[in-house]
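Chemist: Have a look at the structure that comes next, please.
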Amino acid sequence: MKNIASIEDLRQLARRKVPRAFYDYAASGSYNEETLRANRADLEAIKLRQRILVDVSARSLATTVVGQKLASPFILAPVGLLGMQHGDGEILAARAAAAAGIPFTLSTMSICSIEDVAQATGKPFWFQLYVIKDRGFSRDLLARAKAAKCNTLVLTVDLQVLGQRHRDVHNGMTVPPEMRIKNIIDIATKPAWAWSVLKGRRKTFGNLAGHVKGMENVNSLAAWTNQQFDPALNWKDVEWIKKEWPGKLILKGIMDPDDARTAVKLGADALVVSNHGGRQLDGAASSISALPPIADAVGDDIEVLFDGGIRTGADAMRAIALGARACMIGRAYAWGLGAGGQPGVAKAVDILSKELSVAMALTGTKSIDDIDGHVLVGGEGKKKKAATRKKG
Ligand SMILES: Cc1cc2nc3c(=O)[nH]c(=O)nc-3n(C[C@H](O)[C@H](O)[C@H](O)COP(=O)(O)O)c2cc1C
């Protein structure tokens with residue numbers, strides 16, 4: 001990890017170390033990848049205001065999200081199949097997050113199960129729920145997350161049907177990998193990956209196998225999702241989950257102010273402005289362009305989180321300036337994991353935190369609450385909008 005300077009370095013290393021099908025699974029967006037590209041392009045188009053001669057010797061990245069203290073404004077987003085980027089990937093990422101003082105969110109579609117992560121880390125983590133047709137199974141998952149002492153539930157609301165990723169189709173992406181000649185040759189050139197996955201505790205979806213009927217025979221993620229995820233999911237289900245779940249509730253996948261207002265009405269503690277990293281509705285707006293109208297619509301009624309395209313500390317500053325309280329990161333740490341296991345995830349968080357700290361210094365800001373519209377070119381004289389981020 002010594003010569004790694006950026007998230008881009010981690011991506012390139014992950015590409016060399018992780019089998020093609022799993023690297024592509026993480027890097028891809030849906031369909032023509034218009035939204036995937038827009039997430040990055042629109043972030044890069046936002047320019048920061050360089051300020052000078054402000055005493056920035058004492059800077060803090062600390063903040064709070066849903067009442068929890070974070071050492072820096074980052075949260076590891078739910079990412080399916082982390083255990084296929086590196087053996088026991090979920091456990092390694094959870095450990096790296098705990099060491100960095102930020103939350104880790106375990107996906108429903110993880111390789112290590114809720115219980116594996118709880119037992120191996122002994123630290124609280126967040127759990128992300130996909131609601132499937134069998135509501136009894138969703139209720140069981142919630143009970144398992146409660147028993148594992150997860151204090152925060154992230155309910156993902158933008159994937160009741162699956163956006164297609166063309167590269168997954170081309171690669172015949174399955175879990176565990178199908179033993180086609182092409183895959184065998186690929187895996188043979190990635191011995192460190194093969195060894196880590198071989199000695200990892202699971203090779204399939206840990207939360208589902210043995211719990212969902214038919215799961216044993218379905219190894220194509222896309223096929224299983226299409227069979228099981230419930231296109232009938234609606235706001236009434238959110239009310240039901242709110243009743244079932246005693247902890248904090250975060251709705252992830254909100255891109256529209258009207259939906260954000262409904263989330264407030266239903267009493268969610270936070271929402272994540274997210275288009276699933278450009279993996280669902282292709283042609284959707286970039287998540288950074290969706291953020292300001294949502295932040296304006298909800299004011300300080302709910303905490304607003306953000307994800308989509310965060311690759312640098314400057315990106316996090318842009319999102320916070322436009323109304324986010326903290327940023328979820330997805331690919332940035334998945335690449336870290338593929339590149340170097342737990343130290344790779346730690347490196348990803350460290351890179352982003354250090355870059356944000358430098359961006360704060362060079363924009364004359366000392367705390368996360370200081371970051372608002374006035375750090376952006378064109379935002380001169382903008383009133384602090386701290387009220388929108390100060391709940392919790
Ligand atoms: C490989 C991969 C798998 C993902 N799996 C899930 C998932 O299981 N549940 C979920 O809510 N979001 C999932 N997401 C979306 C992320 O939580 C997050 O919204 C997205 O990665 C943010 O964009 P970024 O990767 O550009 O940071 C996944 C994203 C990626 C890249």
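Ligands are numbered from 1 in the order shown, residues from 1 within each chain, and chains are lettered A, B, ... in the order they appear in the structure tokens.
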Residues of stretch 240-289 of chain A that have any atom at most 9 Å from an atom of stretch 40-53 of chain A: could you tabulate them with the shortest-distance atom pair and the distance in Å to one decimal, using only C-alpha atoms, ordered by chain and increasing number, as JSON lines?
Modeler:
{"residue": "A:Ser286", "atom": "CA", "partner": "A:Asp42", "partner_atom": "CA", "distance": 6.8}
{"residue": "A:Ser287", "atom": "CA", "partner": "A:Asp42", "partner_atom": "CA", "distance": 8.7}
{"residue": "A:Ile288", "atom": "CA", "partner": "A:Leu43", "partner_atom": "CA", "distance": 6.4}
{"residue": "A:Ser289", "atom": "CA", "partner": "A:Asp42", "partner_atom": "CA", "distance": 7.1}
Chemist: Could the residues in this selection be written to a file with all heavy atoms, as a PDB file, in the first residue's frame?
Modeler:
ATOM      1  N   SER A 286     -27.558  12.881 -12.258  1.00  0.00           N
ATOM      2  CA  SER A 286     -26.461  12.557 -11.334  1.00  0.00           C
ATOM      3  C   SER A 286     -26.956  12.804  -9.911  1.00  0.00           C
ATOM      4  O   SER A 286     -27.830  13.651  -9.687  1.00  0.00           O
ATOM      5  CB  SER A 286     -25.271  13.471 -11.607  1.00  0.00           C
ATOM      6  OG  SER A 286     -25.630  14.815 -11.349  1.00  0.00           O
ATOM      7  N   SER A 287     -26.407  12.065  -8.963  1.00  0.00           N
ATOM      8  CA  SER A 287     -26.919  12.279  -7.603  1.00  0.00           C
ATOM      9  C   SER A 287     -26.502  13.645  -7.066  1.00  0.00           C
ATOM     10  O   SER A 287     -27.233  14.249  -6.295  1.00  0.00           O
ATOM     11  CB  SER A 287     -26.567  11.127  -6.654  1.00  0.00           C
ATOM     12  OG  SER A 287     -25.293  10.655  -6.862  1.00  0.00           O
ATOM     13  N   ILE A 288     -25.356  14.189  -7.496  1.00  0.00           N
ATOM     14  CA  ILE A 288     -24.964  15.513  -6.974  1.00  0.00           C
ATOM     15  C   ILE A 288     -25.929  16.597  -7.475  1.00  0.00           C
ATOM     16  O   ILE A 288     -26.200  17.561  -6.761  1.00  0.00           O
ATOM     17  CB  ILE A 288     -23.478  15.852  -7.311  1.00  0.00           C
ATOM     18  CG1 ILE A 288     -22.973  16.992  -6.425  1.00  0.00           C
ATOM     19  CG2 ILE A 288     -23.278  16.177  -8.782  1.00  0.00           C
ATOM     20  CD1 ILE A 288     -22.836  16.698  -4.973  1.00  0.00           C
ATOM     21  N   SER A 289     -26.480  16.416  -8.687  1.00  0.00           N
ATOM     22  CA  SER A 289     -27.418  17.446  -9.164  1.00  0.00           C
ATOM     23  C   SER A 289     -28.774  17.307  -8.475  1.00  0.00           C
ATOM     24  O   SER A 289     -29.545  18.264  -8.394  1.00  0.00           O
ATOM     25  CB  SER A 289     -27.569  17.392 -10.690  1.00  0.00           C
ATOM     26  OG  SER A 289     -28.220  16.193 -11.070  1.00  0.00           O
TER      27      SER A 289
END
Chemist: Report as a ChimeraX atom specification which protein, DNA and RNA residues come within 7 Å of ligand 1, using only C-alpha atoms and all ligand atoms.
Modeler: /A:25-27,77-81,107-109,128,156,252,274-277,307-310,328-332
Chemist: Can you pull out the residues contacting stretch 311-320 of chain A? Cut-off 8 Å, using only C-alpha atoms, and skip same-chain residues under 3 positions away; I want them as JSON, numbers by chain.
Modeler: {"A": [6, 7, 8, 43, 44, 46, 48, 288, 291, 306, 323, 324, 325, 326, 327, 332, 351, 352, 353, 354, 355, 356, 357, 359, 360, 368, 371, 372, 376]}
Chemist: Take the residues that were just selected and, keeping C-alpha atoms, output them as a PDB file, in the first residue's frame.
Modeler:
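Output (part-v3.pdb):
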ATOM      1  CA  SER A   6      -5.234   7.831  -4.700  1.00  0.00           C
ATOM      2  CA  ILE A   7      -8.499   5.939  -5.099  1.00  0.00           C
ATOM      3  CA  GLU A   8      -7.602   5.645  -8.787  1.00  0.00           C
ATOM      4  CA  LEU A  43     -19.038  16.423  -9.342  1.00  0.00           C
ATOM      5  CA  GLU A  44     -15.929  17.460 -11.246  1.00  0.00           C
ATOM      6  CA  ILE A  46     -18.269  21.982  -9.312  1.00  0.00           C
ATOM      7  CA  LEU A  48     -14.036  25.013  -5.055  1.00  0.00           C
ATOM      8  CA  ILE A 288     -24.964  15.513  -6.974  1.00  0.00           C
ATOM      9  CA  LEU A 291     -28.906  16.914  -3.870  1.00  0.00           C
ATOM     10  CA  PHE A 306     -25.250  11.460  -0.190  1.00  0.00           C
ATOM     11  CA  GLY A 323     -26.346  20.044   1.852  1.00  0.00           C
ATOM     12  CA  ALA A 324     -25.106  16.528   2.695  1.00  0.00           C
ATOM     13  CA  ARG A 325     -24.258  15.727   6.272  1.00  0.00           C
ATOM     14  CA  ALA A 326     -21.940  12.860   5.293  1.00  0.00           C
ATOM     15  CA  CYS A 327     -21.101  10.728   2.254  1.00  0.00           C
ATOM     16  CA  ALA A 332     -13.818   3.606  -3.499  1.00  0.00           C
ATOM     17  CA  ILE A 351      -6.945   8.852   1.359  1.00  0.00           C
ATOM     18  CA  LEU A 352     -10.405  10.437   1.298  1.00  0.00           C
ATOM     19  CA  SER A 353     -10.069  11.834   4.834  1.00  0.00           C
ATOM     20  CA  LYS A 354      -6.640  13.344   4.200  1.00  0.00           C
ATOM     21  CA  GLU A 355      -7.752  14.832   0.894  1.00  0.00           C
ATOM     22  CA  LEU A 356     -10.804  16.347   2.575  1.00  0.00           C
ATOM     23  CA  SER A 357      -8.624  17.773   5.333  1.00  0.00           C
ATOM     24  CA  ALA A 359      -9.379  20.741   0.807  1.00  0.00           C
ATOM     25  CA  MET A 360     -10.694  22.209   4.060  1.00  0.00           C
ATOM     26  CA  ILE A 368     -17.480  19.947   8.777  1.00  0.00           C
ATOM     27  CA  ILE A 371     -18.478  23.607   4.915  1.00  0.00           C
ATOM     28  CA  ASP A 372     -21.387  25.136   3.054  1.00  0.00           C
ATOM     29  CA  LEU A 376     -17.994  26.833  -3.901  1.00  0.00           C
TER      30      LEU A 376
END
Chemist: For atom CA of A:Ala147 and atom CA of A:Ile111, quote the distance in Å rounded to one decimal.
Modeler: 18.8 Å
Chemist: Would you compute the distance between atom CA of A:Val377 and atom CA of A:Ile102? Give it in Å to one decimal.
Modeler: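 These atoms are spaced 29.6 Å apart.
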